[in-house]
>>> print(open('upload_32.pdb').read())   # PDB, C-alpha atoms
ATOM      1  CA  MET M   1       0.000   0.000   0.000
ATOM      2  CA  VAL M   2       1.201   3.495  -0.832
ATOM      3  CA  ALA M   3       0.008   6.593   1.041
ATOM      4  CA  LEU M   4       0.274  10.077  -0.451
ATOM      5  CA  TYR M   5      -0.196  12.983   1.967
ATOM      6  CA  ASN M   6      -0.989  16.493   0.694
ATOM      7  CA  PRO M   7      -0.504  15.243  -2.861
ATOM      8  CA  LYS M   8      -1.643  18.328  -4.757
ATOM      9  CA  SER M   9      -1.888  22.085  -4.443
ATOM     10  CA  SER M  10      -2.349  24.942  -6.888
ATOM     11  CA  ARG M  11       1.453  25.124  -7.292
ATOM     12  CA  ARG M  12       2.017  21.340  -7.340
ATOM     13  CA  ALA M  13      -0.719  20.163  -9.709
ATOM     14  CA  GLY M  14       1.514  17.865 -11.774
ATOM     15  CA  GLN M  15       2.800  15.698  -8.935
ATOM     16  CA  ILE M  16      -0.453  13.737  -8.565
ATOM     17  CA  VAL M  17      -0.305  12.890 -12.287
ATOM     18  CA  GLU M  18       3.192  11.484 -11.801
ATOM     19  CA  ALA M  19       2.112   9.728  -8.586
ATOM     20  CA  GLN M  20      -0.567   7.954 -10.638
ATOM     21  CA  ARG M  21       1.642   7.193 -13.643
ATOM     22  CA  ILE M  22       4.375   5.422 -11.660
ATOM     23  CA  PRO M  23       2.169   2.811  -9.916
ATOM     24  CA  LEU M  24       0.281   2.196 -13.176
ATOM     25  CA  ARG M  25       3.536   0.816 -14.598
ATOM     26  CA  TYR M  26       3.526  -1.895 -11.901
ATOM     27  CA  ARG M  27      -0.090  -2.341 -10.839
ATOM     28  CA  ARG M  28      -3.354  -3.147 -12.585
ATOM     29  CA  PRO M  29      -5.530  -0.196 -13.640
ATOM     30  CA  ASP M  30      -8.353  -1.540 -11.431
ATOM     31  CA  THR M  31      -6.186  -1.454  -8.276
ATOM     32  CA  PRO M  32      -8.362   0.080  -5.515
ATOM     33  CA  VAL M  33      -7.574   3.589  -4.334
ATOM     34  CA  ALA M  34      -9.102   5.471  -1.415
ATOM     35  CA  VAL M  35      -9.165   9.246  -1.758
ATOM     36  CA  VAL M  36      -9.761  10.707   1.709
ATOM     37  CA  LYS M  37     -10.517  14.410   1.988
ATOM     38  CA  SER M  38     -10.390  16.204   5.345
ATOM     39  CA  ALA M  39      -9.839  13.009   7.333
ATOM     40  CA  TYR M  40     -11.450  13.090  10.802
ATOM     41  CA  ARG M  41     -12.862  16.555  10.186
ATOM     42  CA  ASP M  42     -16.518  17.573   9.900
ATOM     43  CA  ARG M  43     -16.335  17.590   6.108
ATOM     44  CA  GLN M  44     -14.587  14.220   5.756
ATOM     45  CA  GLU M  45     -15.249  12.529   2.437
ATOM     46  CA  ILE M  46     -13.992   9.130   1.293
ATOM     47  CA  GLN M  47     -14.126   8.157  -2.339
ATOM     48  CA  MET M  48     -13.195   4.676  -3.584
ATOM     49  CA  VAL M  49     -11.842   4.689  -7.143
ATOM     50  CA  ARG M  50      -9.635   2.656  -9.438
ATOM     51  CA  LEU M  51      -5.980   3.582  -9.897
ATOM     52  CA  ASP M  52      -6.621   4.626 -13.494
ATOM     53  CA  ARG M  53      -9.377   7.040 -12.333
ATOM     54  CA  ILE M  54      -7.488   9.113  -9.736
ATOM     55  CA  ASN M  55      -7.351  12.046 -12.164
ATOM     56  CA  GLU M  56     -11.167  12.268 -12.009
ATOM     57  CA  CYS M  57     -11.112  13.063  -8.265
ATOM     58  CA  LYS M  58     -10.852  16.489  -6.700
ATOM     59  CA  ILE M  59      -7.593  16.272  -4.768
ATOM     60  CA  GLY M  60      -6.042  19.026  -2.685
ATOM     61  CA  MET M  61      -3.852  19.824   0.298
ATOM     62  CA  LEU M  62      -6.213  18.171   2.796
ATOM     63  CA  THR M  63      -6.406  14.920   0.811
ATOM     64  CA  THR M  64      -4.717  11.608   1.517
ATOM     65  CA  VAL M  65      -4.548   9.081  -1.321
ATOM     66  CA  LEU M  66      -4.159   5.397  -0.398
ATOM     67  CA  ILE M  67      -3.150   3.191  -3.325
ATOM     68  CA  GLY M  68      -3.829  -0.496  -2.673
ATOM     69  CA  ASN M  69      -1.374  -3.329  -3.235
ATOM     70  CA  SER M  70      -1.719  -6.260  -5.643
ATOM     71  CA  SER M  71      -3.943  -8.125  -3.134
ATOM     72  CA  SER M  72      -6.141  -5.173  -2.133
ATOM     73  CA  ASP M  73      -9.887  -5.393  -2.559
ATOM     74  CA  VAL M  74     -12.929  -3.296  -1.723
ATOM     75  CA  GLY M  75     -15.749  -4.687   0.393
ATOM     76  CA  GLN M  76     -18.520  -3.015   2.399
ATOM     77  CA  GLY M  77     -17.069   0.403   1.609
ATOM     78  CA  LEU M  78     -13.633  -0.499   2.971
ATOM     79  CA  MET M  79     -10.367  -1.105   1.194
ATOM     80  CA  ILE M  80      -8.748  -4.262   2.505
ATOM     81  CA  ALA M  81      -5.055  -4.929   1.962
ATOM     82  CA  PRO M  82      -4.275  -8.426   3.297
ATOM     83  CA  ARG M  83      -0.719  -8.965   4.448
ATOM     84  CA  GLY M  84      -0.424 -12.693   3.716
ATOM     85  CA  TYR M  85       0.326 -13.853   7.248
ATOM     86  CA  ALA M  86      -2.595 -16.271   7.193
ATOM     87  CA  ARG M  87      -0.797 -18.292   4.513
ATOM     88  CA  LYS M  88       2.320 -18.488   6.692
ATOM     89  CA  CYS M  89       0.876 -19.475  10.077
ATOM     90  CA  ASP M  90      -1.355 -22.175  11.490
ATOM     91  CA  SER M  91      -4.751 -20.541  12.036
ATOM     92  CA  ILE M  92      -5.267 -22.044  15.505
ATOM     93  CA  THR M  93      -1.846 -22.067  17.136
ATOM     94  CA  GLY M  94      -0.099 -19.252  15.282
ATOM     95  CA  ASP M  95       2.934 -21.495  14.768
ATOM     96  CA  ALA M  96       4.840 -20.857  11.550
ATOM     97  CA  ILE M  97       4.050 -23.341   8.793
ATOM     98  CA  GLN M  98       7.060 -25.399   7.719
ATOM     99  CA  GLY M  99       9.392 -23.272   5.608
ATOM    100  CA  GLU M 100       8.067 -19.938   6.913
ATOM    101  CA  LYS M 101       9.529 -17.588   9.499
ATOM    102  CA  ALA M 102       7.890 -17.355  12.914
ATOM    103  CA  GLY M 103       5.096 -14.822  13.215
ATOM    104  CA  ARG M 104       1.435 -14.459  14.050
ATOM    105  CA  SER M 105      -1.430 -14.576  11.594
ATOM    106  CA  LEU M 106      -3.635 -11.515  11.349
ATOM    107  CA  SER M 107      -6.562 -13.830  12.022
ATOM    108  CA  MET M 108      -5.175 -14.203  15.548
ATOM    109  CA  GLY M 109      -4.343 -10.554  16.117
ATOM    110  CA  MET M 110      -6.334  -8.275  18.401
ATOM    111  CA  ASP M 111      -9.617  -9.983  19.324
ATOM    112  CA  GLY M 112      -8.935 -12.970  17.065
ATOM    113  CA  ARG M 113      -6.355 -14.312  19.495
ATOM    114  CA  ARG M 114      -8.997 -14.465  22.202
ATOM    115  CA  ALA M 115     -11.101 -16.738  20.031
ATOM    116  CA  CYS M 116      -8.093 -19.050  19.597
ATOM    117  CA  VAL M 117      -7.486 -19.355  23.338
ATOM    118  CA  ARG M 118     -10.554 -21.540  23.960
ATOM    119  CA  PRO M 119      -9.656 -24.405  21.572
ATOM    120  CA  TYR M 120      -6.043 -24.196  22.688
ATOM    121  CA  LEU M 121      -7.042 -24.523  26.359
ATOM    122  CA  ARG M 122      -9.393 -27.381  25.549
ATOM    123  CA  ASP M 123      -6.747 -29.277  23.576
ATOM    124  CA  SER M 124      -3.683 -28.564  25.732
ATOM    125  CA  ASP M 125      -4.482 -29.499  29.347
ATOM    126  CA  ALA M 126      -0.826 -30.274  30.090
ATOM    127  CA  HIS M 127       0.260 -26.598  29.784
ATOM    128  CA  SER M 128       0.320 -23.959  32.503
ATOM    129  CA  LEU M 129      -1.123 -20.494  31.976
ATOM    130  CA  ARG M 130       2.424 -19.220  31.666
ATOM    131  CA  ASP M 131       3.089 -21.741  28.867
ATOM    132  CA  ILE M 132      -0.110 -20.706  27.119
ATOM    133  CA  ALA M 133       0.781 -17.003  27.387
ATOM    134  CA  ARG M 134       4.245 -17.755  26.012
ATOM    135  CA  HIS M 135       2.712 -19.758  23.175
ATOM    136  CA  PHE M 136       0.522 -16.832  22.115
ATOM    137  CA  GLY M 137       3.264 -14.291  22.803
ATOM    138  CA  VAL M 138       1.213 -12.253  25.287
ATOM    139  CA  ARG M 139       1.143 -11.458  29.000
ATOM    140  CA  MET M 140      -0.537 -13.981  31.278
ATOM    141  CA  GLY M 141      -3.106 -11.326  32.148
ATOM    142  CA  GLU M 142      -4.269 -11.252  28.520
ATOM    143  CA  ILE M 143      -4.893 -15.004  28.597
ATOM    144  CA  LEU M 144      -6.861 -14.587  31.824
ATOM    145  CA  GLU M 145      -8.857 -11.741  30.256
ATOM    146  CA  ALA M 146      -9.601 -13.951  27.257
ATOM    147  CA  ILE M 147     -10.836 -16.695  29.588
ATOM    148  CA  ALA M 148     -13.014 -14.238  31.503
ATOM    149  CA  GLU M 149     -14.479 -12.942  28.247
ATOM    150  CA  LEU M 150     -15.246 -16.478  27.118
ATOM    151  CA  VAL M 151     -16.960 -17.175  30.422
ATOM    152  CA  ALA M 152     -19.090 -14.040  30.124
ATOM    153  CA  VAL M 153     -20.087 -14.779  26.535
ATOM    154  CA  GLU M 154     -20.645 -18.506  26.916
ATOM    155  CA  ARG M 155     -21.517 -18.825  30.588
ATOM    156  CA  ASP M 156     -23.553 -22.004  30.137
ATOM    157  CA  ALA M 157     -20.852 -23.739  28.120
ATOM    158  CA  THR M 158     -17.880 -22.740  30.294
ATOM    159  CA  ALA M 159     -16.998 -26.163  31.645
ATOM    160  CA  GLU M 160     -17.373 -27.801  28.253
ATOM    161  CA  ALA M 161     -15.559 -25.008  26.391
ATOM    162  CA  LEU M 162     -12.569 -24.840  28.739
ATOM    163  CA  GLY M 163     -12.442 -28.545  29.489
ATOM    164  CA  PRO M 164     -11.751 -30.213  32.816
ATOM    165  CA  ARG M 165      -9.475 -27.385  34.007
ATOM    166  CA  ALA M 166     -12.182 -24.681  33.837
ATOM    167  CA  GLY M 167     -12.415 -24.266  37.621
ATOM    168  CA  GLU M 168      -8.656 -23.999  37.955
ATOM    169  CA  PHE M 169      -8.471 -21.249  35.353
ATOM    170  CA  LEU M 170     -11.391 -19.330  36.833
ATOM    171  CA  ASN M 171      -9.823 -19.468  40.298
ATOM    172  CA  LEU M 172      -6.559 -18.183  38.834
ATOM    173  CA  LYS M 173      -8.432 -15.336  37.151
ATOM    174  CA  GLU M 174      -9.999 -14.322  40.469
ATOM    175  CA  ALA M 175      -6.642 -14.567  42.257
ATOM    176  CA  TRP M 176      -4.970 -12.561  39.466
ATOM    177  CA  GLY M 177      -7.490  -9.733  39.897
ATOM    178  CA  LYS M 178      -6.719  -9.453  43.631
ATOM    179  CA  GLN M 179      -2.970  -8.981  43.125
TER     180      GLN M 179
END
>>> encode(input="upload_32.pdb", output="structure tokens")
Amino acid sequence: MVALYNPKSSRRAGQIVEAQRIPLRYRRPDTPVAVVKSAYRDRQEIQMVRLDRINECKIGMLTTVLIGNSSSDVGQGLMIAPRGYARKCDSITGDAIQGEKAGRSLSMGMDGRRACVRPYLRDSDAHSLRDIARHFGVRMGEILEAIAELVAVERDATAEALGPRAGEFLNLKEAWGKQ
């Protein structure tokens, strides 16, 4: 993805033409582009266009132009630029697939990791909370928060969802909160 800030003014009108011409040599004409005027201001306006149609947009000093990459797509009014991590990591454990460097799939990032904690807890009763936190690359408190969230969302299925160690984990969560 390429971001252009303040790409055009009355004195710099030709630079946006060049900024369009260069990517068109390497990217498809239908590559998605987001033209954002007055971002986070009252008069914010977002226009989704194709790379070959940038010249049809009104662009000025308060405009940011985001040119998508070769994998970018538009859906539900958003431009999505996947990073490819999902092809490199196991979707449940986050372990690197053979031949790839270690990392974490975007599907596990942010709230996604919390959804992965439940099956991992269920299938790995030999690990301590510290081992689980290390496995996911987070603080132990984040694992405990994920467990608490699961309990709140699926209160009736807690024992089944967390397996035979559910009580142990819940007691640890309570103890953790008192420290």
>>> resolve_selection(input="upload_32.pdb", expression="the PyMOL selection byres ((chain M and resi 68-75) around 12)", output="short mmCIF file (atom, residue, chain, number, x, y, z; two decimals) with C-alpha atoms, keeping the file's coordinate frame")
data_model
loop_
_atom_site.label_atom_id
_atom_site.label_comp_id
_atom_site.auth_asym_id
_atom_site.auth_seq_id
_atom_site.Cartn_x
_atom_site.Cartn_y
_atom_site.Cartn_z
CA MET M 1 0.00 0.00 0.00
CA VAL M 2 1.20 3.50 -0.83
CA ALA M 3 0.01 6.59 1.04
CA LEU M 4 0.27 10.08 -0.45
CA PRO M 23 2.17 2.81 -9.92
CA LEU M 24 0.28 2.20 -13.18
CA TYR M 26 3.53 -1.90 -11.90
CA ARG M 27 -0.09 -2.34 -10.84
CA ARG M 28 -3.35 -3.15 -12.58
CA PRO M 29 -5.53 -0.20 -13.64
CA ASP M 30 -8.35 -1.54 -11.43
CA THR M 31 -6.19 -1.45 -8.28
CA PRO M 32 -8.36 0.08 -5.52
CA VAL M 33 -7.57 3.59 -4.33
CA ALA M 34 -9.10 5.47 -1.42
CA VAL M 35 -9.16 9.25 -1.76
CA GLN M 47 -14.13 8.16 -2.34
CA MET M 48 -13.20 4.68 -3.58
CA VAL M 49 -11.84 4.69 -7.14
CA ARG M 50 -9.64 2.66 -9.44
CA LEU M 51 -5.98 3.58 -9.90
CA VAL M 65 -4.55 9.08 -1.32
CA LEU M 66 -4.16 5.40 -0.40
CA ILE M 67 -3.15 3.19 -3.32
CA GLN M 76 -18.52 -3.02 2.40
CA GLY M 77 -17.07 0.40 1.61
CA LEU M 78 -13.63 -0.50 2.97
CA MET M 79 -10.37 -1.10 1.19
CA ILE M 80 -8.75 -4.26 2.50
CA ALA M 81 -5.06 -4.93 1.96
CA PRO M 82 -4.28 -8.43 3.30
CA ARG M 83 -0.72 -8.96 4.45
CA GLY M 84 -0.42 -12.69 3.72
#
>>> closest_residue(input="upload_32.pdb", among="M:Val117, M:Ile143, M:Asn55, M:Phe136", to="M:Glu18", atoms="all atoms listed in the file")
M:Asn55
>>> atom_distance(input="upload_32.pdb", atom1="atom CA of M:Lys37", atom2="atom CA of M:Ile22")
22.1 Å
>>> closest_residue(input="upload_32.pdb", among="M:Pro119, M:Pro7, M:Arg12, M:Gln44", to="M:Thr64", atoms="only C-alpha atoms")
M:Pro7
>>> atom_distance(input="upload_32.pdb", atom1="atom CA of M:Leu62", atom2="atom CA of M:Asp42")
12.5 Å
>>> atom_distance(input="upload_32.pdb", atom1="atom CA of M:Arg53", atom2="atom CA of M:Gln20")
9.0 Å
